[in-house]
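Colleague: This is the structure, below, for whatever I ask next.
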Amino acid sequence: MMRILLVGASGLVGHHVFRLLQKHKVEVIGTCFQHAWDEKLISVDLTLPRGIDRLLVSHQPDLVLWCAMHEQGSLEEKMFEYGLQPLLAHAKSSMRMLYVSTNGVFPGTKGNYAEDEETSRLLATTPVTAYTNTKRQTERHFLMNHENLCIVRVGPIYGQNTRGQWDRRTTSLILSLKHSEPLFRATNLLRTFVYVEDVANALVELAESSYRGILHLGPSTSSSYYDFALRMAKHVGLSTDLIQPYEVSPQDMEQKAIRVNTTLNTQKARLILQTNFRALEQL
């Protein structure tokens, strides 16, 4: 029986994956960051030394599926130092790795990025840039040091967790509209939004496959944050009247290192995987 170490099993994507894997003929060991609200999870702080080492020694996984992420950039950097680098140092060549990365590794100048296109480092110093730069650094480190590897990149993930709570972006939208507060969303920032359960299904499918390389997950369609907010409001049965369009200025884009169009070309994943990547209207 395959043994899977699922790192970040309490997160939006991770716990969906954890629940799905429990239904398959595999042994799954799931970790969470600080508190195990699911009693089946092991609490481990990956921003401290030796957290991952003990897990690898005690469980000897066949596959490590890394869903953990800290959008606070400094913590993502520590997780790379104390979690991901030691993981590679202790990994056997036969151990398979499946790592969840982000569309933010691309420069954002053209969109529709394919898996083999060049990524770029952000130069500004913001929490977002630290997060995306660390994701890019991790990708490069993995690709140079481990062959039995699959990296998946995703755009903004939306949906409800296994307890029925919406992702933070949708929660903010619902609260603002229910309190009759205007909600401003950008018309000139384009992304490939992807449904959490579709990501989870794809990760489980990849975990049980031998696919190596990089893969972009998501539907064939992309949209601006403004258009997606309109569609999401309709999806949850709320009025769109208070959703206001605006354009991010060139000055803000430069100062805050905002990437305009990081949409992903997802054709490869849609061809080789059985998972159906749905647009919001198809849910």
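For the structure tokens, the naming scheme is as follows: chains receive sequential letters (A, B, ...) according to their order of presentation, residues are indexed from 1 within each chain, and ligands are indexed from 1 in presentation order.
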Among range 34-226 of chain A, which residues carry a DSSP assignment of alpha helix (DSSP H), reported as number ranges by chain?
Modeller: A: 51-59, 73-79, 85-90, 127-145, 168-178, 196-207, 225-226
Colleague: Do you know which residues are at most 8 Å from range 257-264 of chain A counting only C-alpha atoms, after dropping those on the same chain fewer than 3 positions away, and could you put them as an mmCIF file with N, CA and C atoms, in the first residue's frame?
Modeller:
data_model
loop_
_atom_site.group_PDB
_atom_site.id
_atom_site.type_symbol
_atom_site.label_atom_id
_atom_site.label_comp_id
_atom_site.auth_asym_id
_atom_site.auth_seq_id
_atom_site.Cartn_x
_atom_site.Cartn_y
_atom_site.Cartn_z
ATOM 1 N N ASN A 103 0.647 30.667 -10.083
ATOM 2 C CA ASN A 103 0.771 31.416 -11.335
ATOM 3 C C ASN A 103 1.628 32.668 -11.165
ATOM 4 N N GLY A 104 1.844 33.080 -9.910
ATOM 5 C CA GLY A 104 2.595 34.302 -9.643
ATOM 6 C C GLY A 104 4.059 34.249 -10.018
ATOM 7 N N PHE A 106 5.148 33.871 -12.944
ATOM 8 C CA PHE A 106 5.302 34.416 -14.296
ATOM 9 C C PHE A 106 5.323 35.947 -14.283
ATOM 10 N N PRO A 107 5.968 36.563 -15.288
ATOM 11 C CA PRO A 107 6.096 38.024 -15.304
ATOM 12 C C PRO A 107 4.786 38.773 -15.485
ATOM 13 N N GLY A 108 3.785 38.132 -16.087
ATOM 14 C CA GLY A 108 2.478 38.772 -16.199
ATOM 15 C C GLY A 108 2.351 39.783 -17.316
ATOM 16 N N THR A 109 3.213 39.691 -18.314
ATOM 17 C CA THR A 109 3.185 40.660 -19.406
ATOM 18 C C THR A 109 2.314 40.240 -20.579
ATOM 19 N N LYS A 110 1.953 38.943 -20.649
ATOM 20 C CA LYS A 110 1.209 38.496 -21.825
ATOM 21 C C LYS A 110 0.077 37.519 -21.519
ATOM 22 N N GLY A 111 0.198 36.714 -20.463
ATOM 23 C CA GLY A 111 -0.831 35.740 -20.127
ATOM 24 C C GLY A 111 -0.768 34.479 -20.969
ATOM 25 N N ASN A 112 -1.689 33.546 -20.662
ATOM 26 C CA ASN A 112 -1.770 32.254 -21.349
ATOM 27 C C ASN A 112 -0.428 31.520 -21.304
ATOM 28 N N TYR A 113 0.188 31.506 -20.124
ATOM 29 C CA TYR A 113 1.526 30.923 -19.973
ATOM 30 C C TYR A 113 1.475 29.399 -20.019
ATOM 31 N N ALA A 114 2.362 28.827 -20.811
ATOM 32 C CA ALA A 114 2.510 27.375 -20.877
ATOM 33 C C ALA A 114 3.534 26.920 -19.839
ATOM 34 N N LEU A 122 10.378 38.754 -8.797
ATOM 35 C CA LEU A 122 9.874 40.092 -8.507
ATOM 36 C C LEU A 122 10.927 40.861 -7.720
ATOM 37 N N LEU A 123 11.120 42.136 -8.068
ATOM 38 C CA LEU A 123 12.179 42.924 -7.438
ATOM 39 C C LEU A 123 11.694 43.737 -6.244
ATOM 40 N N ALA A 124 10.427 44.120 -6.218
ATOM 41 C CA ALA A 124 9.911 44.907 -5.097
ATOM 42 C C ALA A 124 9.883 44.060 -3.827
ATOM 43 N N THR A 126 7.649 43.256 -0.969
ATOM 44 C CA THR A 126 6.335 43.215 -0.332
ATOM 45 C C THR A 126 6.084 41.776 0.120
ATOM 46 N N THR A 129 5.529 39.574 -2.913
ATOM 47 C CA THR A 129 6.725 39.250 -3.697
ATOM 48 C C THR A 129 7.580 38.211 -2.985
ATOM 49 N N VAL A 154 -1.200 26.806 -10.051
ATOM 50 C CA VAL A 154 -2.615 27.171 -10.059
ATOM 51 C C VAL A 154 -2.761 28.679 -9.928
ATOM 52 N N GLY A 155 -3.886 29.187 -10.435
ATOM 53 C CA GLY A 155 -4.253 30.571 -10.214
ATOM 54 C C GLY A 155 -5.016 30.695 -8.904
ATOM 55 N N ASN A 188 -8.351 45.234 -14.883
ATOM 56 C CA ASN A 188 -7.176 45.021 -15.737
ATOM 57 C C ASN A 188 -6.172 44.023 -15.161
ATOM 58 N N LEU A 189 -6.592 43.249 -14.170
ATOM 59 C CA LEU A 189 -5.767 42.150 -13.666
ATOM 60 C C LEU A 189 -6.457 40.841 -14.018
ATOM 61 N N LEU A 190 -5.796 40.009 -14.806
ATOM 62 C CA LEU A 190 -6.415 38.794 -15.347
ATOM 63 C C LEU A 190 -5.793 37.542 -14.732
ATOM 64 N N ARG A 191 -6.662 36.598 -14.365
ATOM 65 C CA ARG A 191 -6.209 35.369 -13.717
ATOM 66 C C ARG A 191 -7.036 34.173 -14.197
ATOM 67 N N THR A 192 -6.497 32.971 -13.975
ATOM 68 C CA THR A 192 -7.223 31.728 -14.236
ATOM 69 C C THR A 192 -7.731 31.199 -12.896
ATOM 70 N N HIS A 216 -0.092 22.825 -15.435
ATOM 71 C CA HIS A 216 -0.962 23.934 -15.052
ATOM 72 C C HIS A 216 -2.393 23.439 -14.906
ATOM 73 N N GLY A 218 -6.490 24.004 -14.158
ATOM 74 C CA GLY A 218 -7.554 25.001 -14.237
ATOM 75 C C GLY A 218 -8.403 24.825 -15.479
ATOM 76 N N SER A 222 -10.471 32.280 -18.399
ATOM 77 C CA SER A 222 -9.875 33.183 -17.415
ATOM 78 C C SER A 222 -10.714 34.453 -17.361
ATOM 79 N N ASP A 252 0.976 51.982 -9.252
ATOM 80 C CA ASP A 252 0.744 50.939 -8.247
ATOM 81 C C ASP A 252 1.324 49.604 -8.693
ATOM 82 N N MET A 253 1.173 49.319 -9.978
ATOM 83 C CA MET A 253 1.719 48.062 -10.491
ATOM 84 C C MET A 253 3.223 47.991 -10.269
ATOM 85 N N GLU A 254 3.910 49.107 -10.504
ATOM 86 C CA GLU A 254 5.361 49.125 -10.353
ATOM 87 C C GLU A 254 5.767 49.089 -8.887
#
Colleague: What is the distance, in Å and to one decimal place, between CA of Gln165 in chain A and CA of Glu181 in chain A?
Modeller: 20.9 Å
Colleague: As a PyMOL selection string, please: every residue in range 54-262 of chain A that DSSP puts in strand (DSSP E).
Modeller: chain A and resi 63-66+96-102+149-154+157-158+183-186+190-191+194-195+213-216+223-224+243-246
Colleague: For Val28 in chain A, work out the shell of residues within 9 Å, counting only C-alpha atoms and skipping chain neighbours fewer than 3 positions away, then give it as a ChimeraX atom specification.
Modeller: /A:2-6,18,21-22,61
Colleague: Just want the 9 Å neighbourhood of Lys268 in chain A, counted on only C-alpha atoms, with same-chain residues fewer than 3 positions away dropped. Output as a list of chain:residue names.
Modeller: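 Non-adjacent residues within range: A:Ala114, A:Glu115, A:Leu215, A:His216, A:Leu217, A:Asn265, A:Leu271, A:Ile272, A:Leu273.
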Colleague: Write to file, as a JSON list (two decimals), in the first residue's frame, the residues of the selection just made, with C-alpha atoms.
Modeller:
[["chain", "number", "residue", "atom", "x", "y", "z"],
["A", 114, "ALA", "CA", 2.51, 27.37, -20.88],
["A", 115, "GLU", "CA", 4.41, 25.06, -18.55],
["A", 215, "LEU", "CA", 1.44, 20.99, -15.07],
["A", 216, "HIS", "CA", -0.96, 23.93, -15.05],
["A", 217, "LEU", "CA", -4.33, 23.18, -13.45],
["A", 265, "ASN", "CA", -2.58, 27.71, -20.49],
["A", 271, "LEU", "CA", -5.89, 16.52, -22.04],
["A", 272, "ILE", "CA", -4.02, 14.08, -19.81],
["A", 273, "LEU", "CA", -6.14, 14.13, -16.63]]
Colleague: Which residues, written as a PyMOL selection string, have at least one atom at most 12 Å from Ala9 in chain A, with only C-alpha atoms counted and residues fewer than 5 positions away on the same chain left out?
Modeller: chain A and resi 4+14-22+28-44+64-69+161-162+200
Colleague: For range 18-72 of chain A against range 79-82 of chain A, with a cut-off of 9 Å and counting only C-alpha atoms, what is the closest atom pair and its distance in Å to one decimal for every residue that makes the cut, ordered by chain and number, as JSON lines?
Modeller:
{"residue": "A:Asp45", "atom": "CA", "partner": "A:Met79", "partner_atom": "CA", "distance": 8.7}
{"residue": "A:Leu46", "atom": "CA", "partner": "A:Met79", "partner_atom": "CA", "distance": 5.3}
{"residue": "A:Thr47", "atom": "CA", "partner": "A:Met79", "partner_atom": "CA", "distance": 4.6}
{"residue": "A:Leu48", "atom": "CA", "partner": "A:Tyr82", "partner_atom": "CA", "distance": 5.9}
{"residue": "A:Pro49", "atom": "CA", "partner": "A:Tyr82", "partner_atom": "CA", "distance": 5.1}
{"residue": "A:Arg50", "atom": "CA", "partner": "A:Tyr82", "partner_atom": "CA", "distance": 6.8}
{"residue": "A:Gly51", "atom": "CA", "partner": "A:Tyr82", "partner_atom": "CA", "distance": 7.4}
{"residue": "A:Ile52", "atom": "CA", "partner": "A:Tyr82", "partner_atom": "CA", "distance": 7.6}
{"residue": "A:Ala68", "atom": "CA", "partner": "A:Met79", "partner_atom": "CA", "distance": 9.0}
{"residue": "A:Met69", "atom": "CA", "partner": "A:Met79", "partner_atom": "CA", "distance": 8.4}
{"residue": "A:His70", "atom": "CA", "partner": "A:Met79", "partner_atom": "CA", "distance": 8.3}
Colleague: Can you tell me how far CA of Thr187 in chain A sits from CA of Thr119 in chain A, in Å to one decimal?
Modeller: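 It comes out at 23.8 Å.
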Colleague: Considering only C-alpha atoms, can you say which of A:Tyr99, A:Leu55, A:Lys135, A:His90 comes closest to Glu76 in chain A?
Modeller: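 Using only C-alpha atoms, Glu76 in chain A sits closest to A:Lys135.
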Colleague: Of the candidates A:Arg140, A:Asn148, A:Arg278, A:Ser210, which one gets nearest to Asp198 in chain A if we count only C-alpha atoms?
Modeller: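 The answer is A:Arg278, which sits nearest to Asp198 in chain A.
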